[in-house]
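Participant: So here's coords06.tsv, just TSV, C-alpha atoms and all ligand atoms:
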```
chain	number	residue	atom	x	y	z
A	1	MET	CA	135.90	177.95	151.16
A	2	HIS	CA	134.92	181.61	151.20
A	3	ALA	CA	136.35	182.31	147.78
A	4	PHE	CA	134.46	179.42	146.21
A	5	ARG	CA	131.02	180.11	144.77
A	6	PRO	CA	129.58	176.83	143.51
A	7	PRO	CA	126.46	177.20	141.40
A	8	TRP	CA	124.29	175.46	143.95
A	9	LEU	CA	124.53	178.49	146.19
A	10	LEU	CA	122.41	180.23	143.58
A	11	MET	CA	119.98	177.32	143.51
A	12	PRO	CA	119.53	176.24	147.08
A	13	MET	CA	116.49	174.15	146.17
A	14	ILE	CA	118.53	171.82	144.02
A	15	ALA	CA	121.03	169.31	145.24
A	16	VAL	CA	122.72	166.58	143.32
A	17	LEU	CA	123.69	163.26	144.78
A	18	CYS	CA	127.15	162.26	143.75
A	19	SER	CA	127.94	158.74	142.70
A	20	ARG	CA	130.92	158.37	144.98
A	21	VAL	CA	130.57	159.14	148.63
A	22	HIS	CA	133.52	160.95	150.05
A	23	SER	CA	133.92	162.71	153.30
A	24	PHE	CA	131.57	165.60	153.82
A	25	SER	CA	133.75	168.55	154.55
A	26	HIS	CA	131.35	171.38	155.34
A	27	ALA	CA	127.90	171.81	156.70
A	28	PHE	CA	125.79	174.91	156.30
A	29	PRO	CA	122.34	175.72	157.53
A	30	VAL	CA	120.46	176.94	154.44
A	31	HIS	CA	116.88	178.06	154.19
A	32	GLY	CA	114.73	175.35	152.70
A	33	PHE	CA	116.98	172.60	153.99
A	34	ARG	CA	117.76	171.64	157.50
A	35	GLN	CA	121.37	171.50	156.40
A	36	LEU	CA	123.47	171.30	153.29
A	37	VAL	CA	126.70	169.37	153.28
A	38	PHE	CA	129.42	169.65	150.70
A	39	CYS	CA	131.49	166.84	149.24
A	40	SER	CA	134.86	168.47	148.57
A	41	HIS	CA	136.10	165.68	146.36
A	42	CYS	CA	133.15	165.75	143.97
A	43	GLN	CA	132.43	169.45	144.44
A	44	LEU	CA	128.79	168.66	144.99
A	45	ALA	CA	126.30	169.68	147.60
A	46	PHE	CA	124.05	167.24	149.43
A	47	ALA	CA	120.99	167.95	151.46
A	48	LYS	CA	121.05	166.50	154.91
A	49	THR	CA	117.89	166.66	156.94
A	50	SER	CA	117.60	167.08	160.66
A	51	GLY	CA	116.56	163.48	160.99
A	52	GLY	CA	117.77	161.89	157.80
A	53	GLU	CA	121.31	160.81	157.35
A	54	ILE	CA	122.32	160.50	153.79
A	55	THR	CA	122.61	156.87	152.95
A	56	ASP	CA	124.47	155.86	149.84
A	57	SER	CA	121.84	153.56	148.38
A	58	TYR	CA	120.57	156.07	145.85
A	59	HIS	CA	123.76	157.83	144.97
A	60	GLY	CA	124.28	158.10	141.31
A	61	ILE	CA	120.62	158.83	140.65
A	62	SER	CA	120.01	162.51	140.15
A	63	CYS	CA	117.60	164.15	142.53
A	64	ASN	CA	116.16	167.60	143.08
A	65	MET	CA	115.12	168.37	146.62
A	66	GLY	CA	113.28	171.28	148.02
A	67	THR	CA	110.38	172.50	150.07
A	68	ILE	CA	107.06	174.09	149.32
A	69	SER	CA	104.90	175.90	151.78
A	70	VAL	CA	101.32	175.01	152.62
A	71	ARG	CA	98.77	176.90	154.67
A	72	ARG	CA	96.32	176.09	157.39
A	73	MET	CA	93.57	178.23	158.80
A	74	LEU	CA	92.90	177.80	162.52
A	75	PRO	CA	89.32	178.05	163.87
A	76	ASN	CA	90.04	181.64	164.94
A	77	ALA	CA	90.98	182.53	161.33
A	78	THR	CA	94.72	182.69	162.00
A	79	ILE	CA	96.64	181.46	158.97
A	80	LEU	CA	99.83	179.48	159.49
A	81	GLU	CA	102.41	178.37	156.93
A	82	PHE	CA	104.40	175.15	157.03
A	83	ASP	CA	107.10	173.55	154.90
A	84	ILE	CA	106.68	170.28	153.09
A	85	ALA	CA	109.86	168.64	151.77
A	86	TYR	CA	110.05	166.74	148.52
A	87	LYS	CA	112.58	164.72	146.54
A	88	LEU	CA	112.28	164.37	142.81
A	89	TYR	CA	114.42	161.60	141.35
A	90	ARG	CA	115.43	161.72	137.67
A	91	PRO	CA	114.02	165.26	137.33
A	92	SER	CA	114.95	165.43	133.66
A	93	SER	CA	112.29	162.80	132.87
A	94	LEU	CA	109.49	164.69	134.61
A	95	SER	CA	107.76	165.65	131.37
A	96	SER	CA	108.47	162.43	129.51
A	97	ARG	CA	105.66	161.45	127.11
A	98	GLN	CA	106.89	157.86	126.92
A	99	ALA	CA	107.05	157.21	130.65
A	100	ALA	CA	105.03	159.49	132.88
A	101	PRO	CA	106.44	160.18	136.35
A	102	ILE	CA	105.19	158.48	139.49
A	103	VAL	CA	103.94	160.52	142.43
A	104	ALA	CA	104.43	158.39	145.54
A	105	LEU	CA	102.30	158.78	148.67
A	106	HIS	CA	103.52	157.23	151.91
A	107	GLY	CA	101.37	155.75	154.62
A	108	GLY	CA	101.03	155.93	158.37
A	109	PRO	CA	99.69	158.53	158.56
A	110	SER	CA	103.09	160.04	159.40
A	111	VAL	CA	105.47	157.25	158.43
A	112	PRO	CA	107.61	159.25	155.99
A	113	SER	CA	108.57	158.30	152.46
A	114	ASN	CA	112.00	156.81	153.27
A	115	TYR	CA	110.54	153.31	153.03
A	116	LEU	CA	109.25	153.94	149.50
A	117	LEU	CA	112.60	155.12	148.11
A	118	PRO	CA	113.49	151.62	146.82
A	119	LEU	CA	110.93	152.34	144.08
A	120	VAL	CA	113.67	154.40	142.45
A	121	ARG	CA	115.76	151.28	142.00
A	122	ILE	CA	113.04	148.87	140.96
A	123	VAL	CA	111.43	151.27	138.47
A	124	PRO	CA	114.71	152.20	136.90
A	125	TYR	CA	113.96	154.98	134.41
A	126	ARG	CA	110.88	156.96	135.44
A	127	SER	CA	110.97	160.22	137.28
A	128	ILE	CA	109.59	159.62	140.80
A	129	LEU	CA	108.38	162.30	143.20
A	130	PHE	CA	108.35	161.61	146.94
A	131	TYR	CA	107.34	163.98	149.68
A	132	ASP	CA	106.83	163.72	153.39
A	133	GLN	CA	103.30	164.65	154.30
A	134	LEU	CA	102.88	167.36	156.90
A	135	GLY	CA	103.68	165.97	160.33
A	136	CYS	CA	106.63	163.69	159.62
A	137	GLY	CA	110.06	163.09	158.14
A	138	THR	CA	111.74	166.15	156.71
A	139	SER	CA	108.54	168.21	156.63
A	140	ASP	CA	107.30	170.39	159.45
A	141	GLU	CA	105.44	168.75	162.29
A	142	PRO	CA	103.10	171.27	163.88
A	143	LYS	CA	101.25	170.05	166.92
A	144	ALA	CA	97.78	168.76	166.30
A	145	ASP	CA	95.67	171.88	166.76
A	146	ASP	CA	92.23	172.04	165.23
A	147	GLY	CA	92.42	172.62	161.53
A	148	ILE	CA	95.97	171.32	161.00
A	149	TYR	CA	95.59	167.65	160.15
A	150	SER	CA	92.96	165.88	158.10
A	151	VAL	CA	92.74	163.71	155.02
A	152	GLY	CA	91.16	166.64	153.19
A	153	ASN	CA	94.03	168.95	154.15
A	154	ALA	CA	96.53	166.33	153.00
A	155	VAL	CA	94.76	166.18	149.60
A	156	GLY	CA	95.04	169.98	149.37
A	157	ASP	CA	98.79	169.78	150.10
A	158	LEU	CA	99.24	167.26	147.29
A	159	GLU	CA	97.44	169.62	144.89
A	160	VAL	CA	99.70	172.49	145.94
A	161	LEU	CA	102.80	170.37	145.44
A	162	LEU	CA	101.80	169.20	141.96
A	163	LYS	CA	100.97	172.73	140.85
A	164	HIS	CA	104.16	174.11	142.31
A	165	LEU	CA	106.37	171.58	140.54
A	166	GLY	CA	104.36	171.67	137.32
A	167	VAL	CA	103.63	167.94	137.42
A	168	ARG	CA	100.85	167.70	134.84
A	169	ARG	CA	100.86	164.14	133.63
A	170	PHE	CA	101.63	161.41	136.10
A	171	HIS	CA	100.72	158.13	137.73
A	172	LEU	CA	99.71	158.08	141.35
A	173	TYR	CA	101.03	155.45	143.73
A	174	GLY	CA	99.88	155.14	147.33
A	175	GLN	CA	100.98	152.59	149.91
A	176	SER	CA	98.65	151.78	152.79
A	177	PHE	CA	97.27	155.13	154.03
A	178	GLY	CA	98.91	156.70	150.97
A	179	GLY	CA	96.33	154.85	148.88
A	180	ILE	CA	93.51	156.45	150.87
A	181	LEU	CA	95.07	159.80	150.10
A	182	ALA	CA	95.33	158.86	146.42
A	183	TYR	CA	91.67	157.83	146.31
A	184	GLU	CA	90.49	161.03	148.01
A	185	PHE	CA	92.63	163.07	145.61
A	186	LEU	CA	91.09	161.34	142.58
A	187	LYS	CA	87.63	161.78	144.00
A	188	ARG	CA	88.12	165.47	144.59
A	189	GLN	CA	89.51	165.98	141.10
A	190	ALA	CA	86.64	164.02	139.55
A	191	SER	CA	84.09	166.14	141.41
A	192	LYS	CA	85.43	169.48	140.17
A	193	GLU	CA	83.14	171.09	137.66
A	194	VAL	CA	86.03	172.60	135.81
A	195	ASP	CA	88.86	170.25	135.10
A	196	ASP	CA	91.92	172.02	136.48
A	197	GLY	CA	94.30	169.88	134.48
A	198	ILE	CA	95.58	167.89	137.40
A	199	ALA	CA	92.85	165.29	137.04
A	200	GLY	CA	92.16	165.34	133.30
A	201	GLU	CA	95.31	164.92	131.32
A	202	GLY	CA	97.05	164.88	134.69
A	203	CYS	CA	96.62	161.63	136.52
A	204	ARG	CA	96.86	158.67	134.14
A	205	SER	CA	96.30	155.75	136.49
A	206	VAL	CA	96.64	154.81	140.13
A	207	ILE	CA	98.01	151.98	142.25
A	208	LEU	CA	96.62	151.40	145.72
A	209	SER	CA	99.06	149.12	147.49
A	210	SER	CA	97.87	147.44	150.71
A	211	THR	CA	95.21	150.10	151.16
A	212	PRO	CA	92.07	149.30	153.17
A	213	THR	CA	88.73	150.93	152.47
A	214	ASN	CA	87.65	151.10	156.08
A	215	VAL	CA	89.85	151.77	159.09
A	216	MET	CA	87.58	150.23	161.69
A	217	GLN	CA	87.37	147.06	159.64
A	218	ILE	CA	91.15	146.81	159.24
A	219	GLU	CA	91.60	147.27	162.97
A	220	ASP	CA	89.17	144.41	163.62
A	221	GLU	CA	90.89	142.27	161.04
A	222	ALA	CA	94.33	142.94	162.52
A	223	ARG	CA	93.06	142.25	166.02
A	224	SER	CA	91.68	138.88	165.04
A	225	LEU	CA	94.95	137.97	163.28
A	226	VAL	CA	96.92	138.87	166.42
A	227	GLU	CA	94.59	136.72	168.50
A	228	LYS	CA	95.07	133.74	166.19
A	229	LEU	CA	98.84	133.98	166.46
A	230	ASP	CA	98.82	134.78	170.13
A	231	SER	CA	101.62	137.30	169.80
A	232	PRO	CA	102.05	140.82	168.37
A	233	ASP	CA	105.65	139.97	167.32
A	234	LEU	CA	104.52	136.96	165.37
A	235	PHE	CA	101.78	139.09	163.82
A	236	ARG	CA	104.38	141.57	162.59
A	237	GLU	CA	106.63	138.85	161.16
A	238	THR	CA	103.71	137.13	159.46
A	239	HIS	CA	101.37	139.86	158.26
A	240	GLN	CA	103.32	143.10	158.21
A	241	ARG	CA	106.92	142.50	157.17
A	242	ARG	CA	108.15	139.05	156.17
A	243	ILE	CA	111.76	140.03	155.86
A	244	SER	CA	114.42	140.15	158.49
A	245	PRO	CA	116.32	142.14	159.61
A	246	MET	CA	114.20	145.19	159.05
A	247	PRO	CA	115.25	146.87	155.77
A	248	GLN	CA	117.13	150.14	156.26
A	249	ALA	CA	114.44	152.01	154.32
A	250	LEU	CA	111.83	151.00	156.88
A	251	THR	CA	114.15	151.60	159.85
A	252	ASP	CA	114.70	155.14	158.56
A	253	ALA	CA	110.99	155.72	158.04
A	254	TYR	CA	110.14	154.65	161.57
A	255	ALA	CA	113.01	156.70	163.00
A	256	TYR	CA	111.59	159.88	161.46
A	257	ALA	CA	107.92	159.06	161.86
A	258	GLY	CA	105.78	161.86	163.22
A	259	THR	CA	103.78	161.71	166.40
A	260	ALA	CA	101.35	164.61	166.03
A	261	TRP	CA	99.03	162.76	163.63
A	262	ARG	CA	100.05	159.15	163.61
A	263	GLY	CA	98.72	155.81	162.54
A	264	THR	CA	95.22	154.45	162.26
A	265	GLY	CA	94.22	156.27	165.45
A	266	ALA	CA	94.48	159.54	163.54
A	267	ILE	CA	91.98	158.37	160.93
A	268	ALA	CA	89.90	156.01	163.07
A	269	ASP	CA	86.61	157.09	161.46
A	270	TYR	CA	87.75	156.81	157.88
A	271	LYS	CA	85.54	154.77	155.60
A	272	ALA	CA	85.81	155.39	151.89
A	273	THR	CA	82.63	156.60	150.20
A	274	PRO	CA	81.93	156.55	146.45
A	275	PRO	CA	82.26	159.64	144.27
A	276	SER	CA	79.03	161.62	143.89
A	277	ALA	CA	76.70	160.62	141.06
A	278	ASN	CA	77.68	163.53	138.81
A	279	SER	CA	81.44	163.05	139.20
A	280	ARG	CA	83.60	162.32	136.23
A	281	LYS	CA	85.12	158.85	135.91
A	282	LEU	CA	87.94	157.91	138.24
A	283	ARG	CA	91.21	156.82	136.65
A	284	SER	CA	91.92	153.13	136.19
A	285	ALA	CA	93.31	151.44	139.25
A	286	LEU	CA	95.38	148.48	140.31
A	287	VAL	CA	94.70	147.26	143.85
A	288	LEU	CA	97.66	145.34	145.25
A	289	ARG	CA	98.07	143.47	148.49
A	290	GLY	CA	100.29	140.73	149.84
A	291	GLU	CA	99.19	137.12	150.16
A	292	HIS	CA	99.77	137.34	153.94
A	293	ASP	CA	98.89	141.02	154.30
A	294	PHE	CA	96.85	142.09	157.32
A	295	VAL	CA	95.05	144.14	154.68
A	296	THR	CA	93.07	141.04	153.77
A	297	GLU	CA	90.76	140.40	150.86
A	298	VAL	CA	87.69	141.82	152.62
A	299	CYS	CA	89.61	144.99	153.44
A	300	VAL	CA	90.14	145.85	149.77
A	301	ALA	CA	87.00	144.30	148.21
A	302	ASP	CA	84.99	147.53	148.16
A	303	TRP	CA	87.43	149.39	145.93
A	304	LYS	CA	86.22	147.29	143.04
A	305	ARG	CA	82.75	146.39	144.31
A	306	SER	CA	81.30	149.75	145.26
A	307	LEU	CA	83.79	152.62	145.28
A	308	TRP	CA	85.08	153.00	141.74
A	309	ASN	CA	82.61	154.51	139.29
A	310	THR	CA	84.10	152.48	136.43
A	311	PRO	CA	84.74	148.75	136.00
A	312	TYR	CA	88.44	149.46	135.52
A	313	VAL	CA	89.83	148.23	138.80
A	314	ARG	CA	92.18	145.27	138.75
A	315	GLU	CA	93.28	143.29	141.76
A	316	ARG	CA	96.54	141.49	142.25
A	317	VAL	CA	97.79	139.44	145.18
A	318	LEU	CA	101.55	139.30	145.66
A	319	ASP	CA	102.69	135.74	146.34
A	320	GLY	CA	104.66	135.31	149.54
A	321	CYS	CA	104.38	138.97	150.53
A	322	SER	CA	102.62	140.72	153.39
A	323	HIS	CA	102.18	144.48	153.90
A	324	HIS	CA	105.50	145.62	152.42
A	325	GLY	CA	105.71	143.86	149.07
A	326	LEU	CA	108.03	146.56	147.77
A	327	LEU	CA	110.64	145.62	150.37
A	328	GLU	CA	109.81	141.92	150.53
A	329	ASN	CA	110.04	141.15	146.82
A	330	GLY	CA	111.33	144.17	144.94
A	331	PRO	CA	111.76	142.51	141.52
A	332	LEU	CA	108.19	141.14	141.47
A	333	TYR	CA	106.78	144.38	142.82
A	334	GLY	CA	108.71	146.57	140.40
A	335	GLU	CA	107.63	144.52	137.41
A	336	ILE	CA	103.95	144.76	138.41
A	337	VAL	CA	104.05	148.48	139.15
A	338	ASP	CA	105.94	149.42	136.03
A	339	SER	CA	103.96	147.25	133.64
A	340	PHE	CA	100.65	148.60	134.97
A	341	PHE	CA	101.75	152.20	134.60
A	342	THR	CA	103.18	151.48	131.16
A	343	GLU	CA	99.71	150.50	129.97
A	344	TYR	CA	98.47	153.99	130.81
A	345	ASP	CA	101.43	156.10	129.71
B	1	LIG	C1	94.41	181.64	167.35
B	1	LIG	O1	94.63	180.35	167.89
B	1	LIG	C2	95.99	179.99	168.06
B	1	LIG	C3	96.07	178.55	168.51
B	1	LIG	O2	94.98	178.14	169.22
B	1	LIG	C4	96.65	180.95	169.03
B	1	LIG	O3	98.00	180.60	169.22
B	1	LIG	C5	96.55	182.36	168.49
B	1	LIG	O4	97.09	183.27	169.40
B	1	LIG	C6	95.09	182.71	168.19
B	1	LIG	N1	95.07	183.99	167.50
B	1	LIG	C7	94.18	184.94	167.77
B	1	LIG	C8	94.27	186.17	166.94
B	1	LIG	O5	93.32	184.80	168.63
```
Go through the file and emit its structure as structure tokens.
Ligand SMILES: *[C@@H]1O[C@H](CO)[C@@H](O)[C@H](O)[C@H]1NC(C)=O
Facilitator:
Amino acid sequence: MHAFRPPWLLMPMIAVLCSRVHSFSHAFPVHGFRQLVFCSHCQLAFAKTSGGEITDSYHGISCNMGTISVRRMLPNATILEFDIAYKLYRPSSLSSRQAAPIVALHGGPSVPSNYLLPLVRIVPYRSILFYDQLGCGTSDEPKADDGIYSVGNAVGDLEVLLKHLGVRRFHLYGQSFGGILAYEFLKRQASKEVDDGIAGEGCRSVILSSTPTNVMQIEDEARSLVEKLDSPDLFRETHQRRISPMPQALTDAYAYAGTAWRGTGAIADYKATPPSANSRKLRSALVLRGEHDFVTEVCVADWKRSLWNTPYVRERVLDGCSHHGLLENGPLYGEIVDSFFTEYD
């Protein structure tokens, strides 16, 4: 092994997933990854995270992985740096003019992007960028000191990531809390006096999937649905995930979920507010939710009614689905996501 110098040693930020899984013969701790493993048969390196096992579901689809660093200033002016890990599938299509890449934002907060990876299969040709937001998955999880976690900080991290990777023209996709993050990102971009290129040519359109406008309202709504069914388990089977057993993608996401800044409790006060009067126009949006979703009609109504500063918000209800349409009915979901984005390529 010592005599062998595969090219990936020179490019530790890039790993390729091989199409055939063979035994992993070596494991090395490498900066930027928790661990790299090497498939001796295929002569390829794989990234293996501290939590994440490599599963073979996406093998055969090329992927660049790496980390970027983000900063936080504590109240006493101390600056700390943390790593955020990303995966970019089909990297060679990142600058495609025919089919702009998708930037995918996971929910929770702190339920990492594992459960969104099936997007790669159901949108079969676009480049798709996933990252784990600070506090979960393969990214760092600092404890929740003042100044570390907030929606605003998470928007800043997304800006850093896009700049770092040179993602200039893309569609934004957010699931659940990820949609809140997407909205706040668009709002911040639209409020900038000087277009920094991320908003202008940058974001083409956005999908908010099962994203509520108001956290207190969604909590009330969920509580009343639980009461009607008389059981939290039945609530989950009816309004959160109508597919059994739990898909591996979701099992993985929960296994590597963060605890420092987790769930609706972390954003209990969040209520979306409209962009300021002098903001530029927000990008066109598609608001999705499942027919049985605990994110009910009233929970999404304000996106169209009062929050967007254009009339270009479409709504779509996914028949037979609840909160995880992507996992519950992949073909339907993929067709809707891809055809919406195609309109705005
Ligand atoms: C600033 O605050 C952090 C966390 O509260 C603490 O660990 C650090 O020592 C402080 N630094 C200074 C210079 O006071």
Participant: Ligand LIG 1 (chain B): which residues are within 9 Å, counting only C-alpha atoms and all ligand atoms, as a PyMOL selection string?
Facilitator: chain A and resi 74-79+145-146
Participant: Using all atoms listed in the file, pick whichever of A:Ser276, A:Gln240, A:Ser113, A:Gln217 has the shortest atom-to-atom distance to Asp302 of chain A.
Facilitator: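 Using all atoms listed in the file, Asp302 of chain A sits closest to A:Gln217.
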Participant: Rounded to one decimal in Å, what is the spacing between atom CA of Leu88 of chain A and atom CA of Val337 of chain A?
Facilitator: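 Going from atom CA of Leu88 of chain A over to atom CA of Val337 of chain A, I get 18.3 Å.
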Participant: Could you check which of A:Asp338, A:Glu227, A:Leu327, A:Ser284 is closest to Thr310 of chain A, using all atoms listed in the file?
Facilitator: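 Under the stated criterion, the closest residue is A:Ser284.
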Participant: At most 12 Å is the cut-off: for each residue in segment 233-322 of chain A with any atom that close to an atom of segment 174-195 of chain A, write down the nearest atom pair and the distance in Å rounded to one decimal, counting all atoms listed in the file, chain first then increasing number, as JSON lines.
Facilitator:
```
{"residue": "A:Gln240", "atom": "CA", "partner": "A:Ser176", "partner_atom": "CA", "distance": 11.2}
{"residue": "A:Arg262", "atom": "CA", "partner": "A:Phe177", "partner_atom": "CA", "distance": 10.8}
{"residue": "A:Gly263", "atom": "CA", "partner": "A:Phe177", "partner_atom": "CA", "distance": 8.7}
{"residue": "A:Thr264", "atom": "CA", "partner": "A:Phe177", "partner_atom": "CA", "distance": 8.5}
{"residue": "A:Gly265", "atom": "CA", "partner": "A:Phe177", "partner_atom": "CA", "distance": 11.9}
{"residue": "A:Ala266", "atom": "CA", "partner": "A:Phe177", "partner_atom": "CA", "distance": 10.8}
{"residue": "A:Ile267", "atom": "CA", "partner": "A:Phe177", "partner_atom": "CA", "distance": 9.3}
{"residue": "A:Ala268", "atom": "CA", "partner": "A:Phe177", "partner_atom": "CA", "distance": 11.7}
{"residue": "A:Tyr270", "atom": "CA", "partner": "A:Ile180", "partner_atom": "CA", "distance": 9.1}
{"residue": "A:Lys271", "atom": "CA", "partner": "A:Ile180", "partner_atom": "CA", "distance": 9.4}
{"residue": "A:Ala272", "atom": "CA", "partner": "A:Ile180", "partner_atom": "CA", "distance": 7.8}
{"residue": "A:Thr273", "atom": "CA", "partner": "A:Glu184", "partner_atom": "CA", "distance": 9.3}
{"residue": "A:Pro274", "atom": "CA", "partner": "A:Lys187", "partner_atom": "CA", "distance": 8.1}
{"residue": "A:Pro275", "atom": "CA", "partner": "A:Lys187", "partner_atom": "CA", "distance": 5.8}
{"residue": "A:Ser276", "atom": "CA", "partner": "A:Ser191", "partner_atom": "CA", "distance": 7.2}
{"residue": "A:Ala277", "atom": "CA", "partner": "A:Ser191", "partner_atom": "CA", "distance": 9.2}
{"residue": "A:Asn278", "atom": "CA", "partner": "A:Ser191", "partner_atom": "CA", "distance": 7.4}
{"residue": "A:Ser279", "atom": "CA", "partner": "A:Ser191", "partner_atom": "CA", "distance": 4.6}
{"residue": "A:Arg280", "atom": "CA", "partner": "A:Ala190", "partner_atom": "CA", "distance": 4.8}
{"residue": "A:Lys281", "atom": "CA", "partner": "A:Ala190", "partner_atom": "CA", "distance": 6.5}
{"residue": "A:Leu282", "atom": "CA", "partner": "A:Leu186", "partner_atom": "CA", "distance": 6.4}
{"residue": "A:Arg283", "atom": "CA", "partner": "A:Leu186", "partner_atom": "CA", "distance": 7.5}
{"residue": "A:Ser284", "atom": "CA", "partner": "A:Leu186", "partner_atom": "CA", "distance": 10.4}
{"residue": "A:Ala285", "atom": "CA", "partner": "A:Tyr183", "partner_atom": "CA", "distance": 9.7}
{"residue": "A:Leu286", "atom": "CA", "partner": "A:Gly174", "partner_atom": "CA", "distance": 10.7}
{"residue": "A:Val287", "atom": "CA", "partner": "A:Gly179", "partner_atom": "CA", "distance": 9.3}
{"residue": "A:Leu288", "atom": "CA", "partner": "A:Gln175", "partner_atom": "CA", "distance": 9.2}
{"residue": "A:Arg289", "atom": "CA", "partner": "A:Ser176", "partner_atom": "CA", "distance": 9.4}
{"residue": "A:Gly290", "atom": "CA", "partner": "A:Ser176", "partner_atom": "CA", "distance": 11.6}
{"residue": "A:Asp293", "atom": "CA", "partner": "A:Ser176", "partner_atom": "CA", "distance": 10.9}
{"residue": "A:Phe294", "atom": "CA", "partner": "A:Ser176", "partner_atom": "CA", "distance": 10.8}
{"residue": "A:Val295", "atom": "CA", "partner": "A:Ser176", "partner_atom": "CA", "distance": 8.7}
{"residue": "A:Cys299", "atom": "CA", "partner": "A:Ser176", "partner_atom": "CA", "distance": 11.3}
{"residue": "A:Val300", "atom": "CA", "partner": "A:Ser176", "partner_atom": "CA", "distance": 10.8}
{"residue": "A:Trp303", "atom": "CA", "partner": "A:Tyr183", "partner_atom": "CA", "distance": 9.5}
{"residue": "A:Leu307", "atom": "CA", "partner": "A:Tyr183", "partner_atom": "CA", "distance": 9.5}
{"residue": "A:Trp308", "atom": "CA", "partner": "A:Tyr183", "partner_atom": "CA", "distance": 9.4}
{"residue": "A:Asn309", "atom": "CA", "partner": "A:Lys187", "partner_atom": "CA", "distance": 10.0}
{"residue": "A:Ser322", "atom": "CA", "partner": "A:Ser176", "partner_atom": "CA", "distance": 11.8}
```
Participant: Show which residues sit within 7 Å of Leu129 of chain A, as an NGL selection string. Count all atoms listed in the file, and ignore same-chain residues fewer than 5 positions away.
Facilitator: :A and (87-89 or 102-104)
Participant: Since we have the selection now, will you write its residues out, keeping C-alpha atoms, as a tab-separated table (two decimals), in the coordinates of the input?
Facilitator:
```
chain	number	residue	atom	x	y	z
A	87	LYS	CA	112.58	164.72	146.54
A	88	LEU	CA	112.28	164.37	142.81
A	89	TYR	CA	114.42	161.60	141.35
A	102	ILE	CA	105.19	158.48	139.49
A	103	VAL	CA	103.94	160.52	142.43
A	104	ALA	CA	104.43	158.39	145.54
```
Participant: Please return, as a list in words, all polymer residues that have at least one atom within 9 Å of the point (115.2, 155.5, 156.2); use only C-alpha atoms and the file's own coordinate frame.
Facilitator: Gly52, Glu53, Thr55, Pro112, Ser113, Asn114, Tyr115, Leu117, Pro247, Gln248, Ala249, Leu250, Thr251, Asp252, Ala253, Tyr254, Ala255 and Tyr256 of chain A
Participant: With C-alpha atoms retained, could you export that selection as a CSV table (one decimal), in the frame of the given file?
Facilitator:
```csv
chain,number,residue,atom,x,y,z
A,52,GLY,CA,117.8,161.9,157.8
A,53,GLU,CA,121.3,160.8,157.4
A,55,THR,CA,122.6,156.9,153.0
A,112,PRO,CA,107.6,159.2,156.0
A,113,SER,CA,108.6,158.3,152.5
A,114,ASN,CA,112.0,156.8,153.3
A,115,TYR,CA,110.5,153.3,153.0
A,117,LEU,CA,112.6,155.1,148.1
A,247,PRO,CA,115.2,146.9,155.8
A,248,GLN,CA,117.1,150.1,156.3
A,249,ALA,CA,114.4,152.0,154.3
A,250,LEU,CA,111.8,151.0,156.9
A,251,THR,CA,114.2,151.6,159.8
A,252,ASP,CA,114.7,155.1,158.6
A,253,ALA,CA,111.0,155.7,158.0
A,254,TYR,CA,110.1,154.6,161.6
A,255,ALA,CA,113.0,156.7,163.0
A,256,TYR,CA,111.6,159.9,161.5
```
Participant: How big is the axis-aligned box, and where does its centre sit, when it encloses all atoms of segment 272-289 of chain A listed in the file and has 4 Å added on every side, reported in Å to one decimal as JSON?
Facilitator:
```
{"center_x": 87.4, "center_y": 153.5, "center_z": 143.9, "size_x": 29.4, "size_y": 28.1, "size_z": 24.0}
```
Participant: Between atom CA of Leu119 of chain A and atom CA of Glu159 of chain A, what is the spacing in Å?
Facilitator: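 Result for atom CA of Glu159 of chain A versus atom CA of Leu119 of chain A: 21.9 Å, one decimal.
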Participant: Using all atoms listed in the file, which of the listed residues (A:Val298, A:Arg305, A:Arg97, A:Ser150) sits closest to Ser110 of chain A?
Facilitator: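 For Ser110 of chain A, the nearest of the candidates is A:Ser150.
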Participant: Distance atom CA of Met65 of chain A-atom CA of Leu162 of chain A, one decimal place?
Facilitator: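 Answer for the atom CA of Met65 of chain A to atom CA of Leu162 of chain A separation: 14.1 Å.
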Participant: Just checking: using only C-alpha atoms, which residue out of A:Met73, A:Val123, A:Ile128, A:Leu326 ends up closest to Arg242 of chain A?
Facilitator: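 Going through A:Met73, A:Val123, A:Ile128, A:Leu326 one by one, the smallest distance to Arg242 of chain A is for A:Leu326.
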Participant: Could I get segment 207-212 of chain A rebuilt with N, CA and C atoms, written as a PDB file, in the frame of the given file?
Facilitator:
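Saved file part_38.pdb follows:
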```
ATOM      1  N   ILE A 207      97.819 153.250 141.544  1.00  0.00           N
ATOM      2  CA  ILE A 207      98.010 151.980 142.250  1.00  0.00           C
ATOM      3  C   ILE A 207      97.746 152.210 143.728  1.00  0.00           C
ATOM      4  N   LEU A 208      96.849 151.397 144.276  1.00  0.00           N
ATOM      5  CA  LEU A 208      96.620 151.400 145.720  1.00  0.00           C
ATOM      6  C   LEU A 208      97.268 150.124 146.241  1.00  0.00           C
ATOM      7  N   SER A 209      98.317 150.283 147.037  1.00  0.00           N
ATOM      8  CA  SER A 209      99.060 149.120 147.490  1.00  0.00           C
ATOM      9  C   SER A 209      98.793 148.902 148.980  1.00  0.00           C
ATOM     10  N   SER A 210      98.197 147.772 149.317  1.00  0.00           N
ATOM     11  CA  SER A 210      97.870 147.440 150.710  1.00  0.00           C
ATOM     12  C   SER A 210      97.056 148.555 151.373  1.00  0.00           C
ATOM     13  N   THR A 211      96.038 148.992 150.668  1.00  0.00           N
ATOM     14  CA  THR A 211      95.210 150.100 151.160  1.00  0.00           C
ATOM     15  C   THR A 211      93.801 149.610 151.512  1.00  0.00           C
ATOM     16  N   PRO A 212      93.420 149.709 152.770  1.00  0.00           N
ATOM     17  CA  PRO A 212      92.070 149.300 153.170  1.00  0.00           C
ATOM     18  C   PRO A 212      91.049 150.374 152.841  1.00  0.00           C
TER      19      PRO A 212
END
```
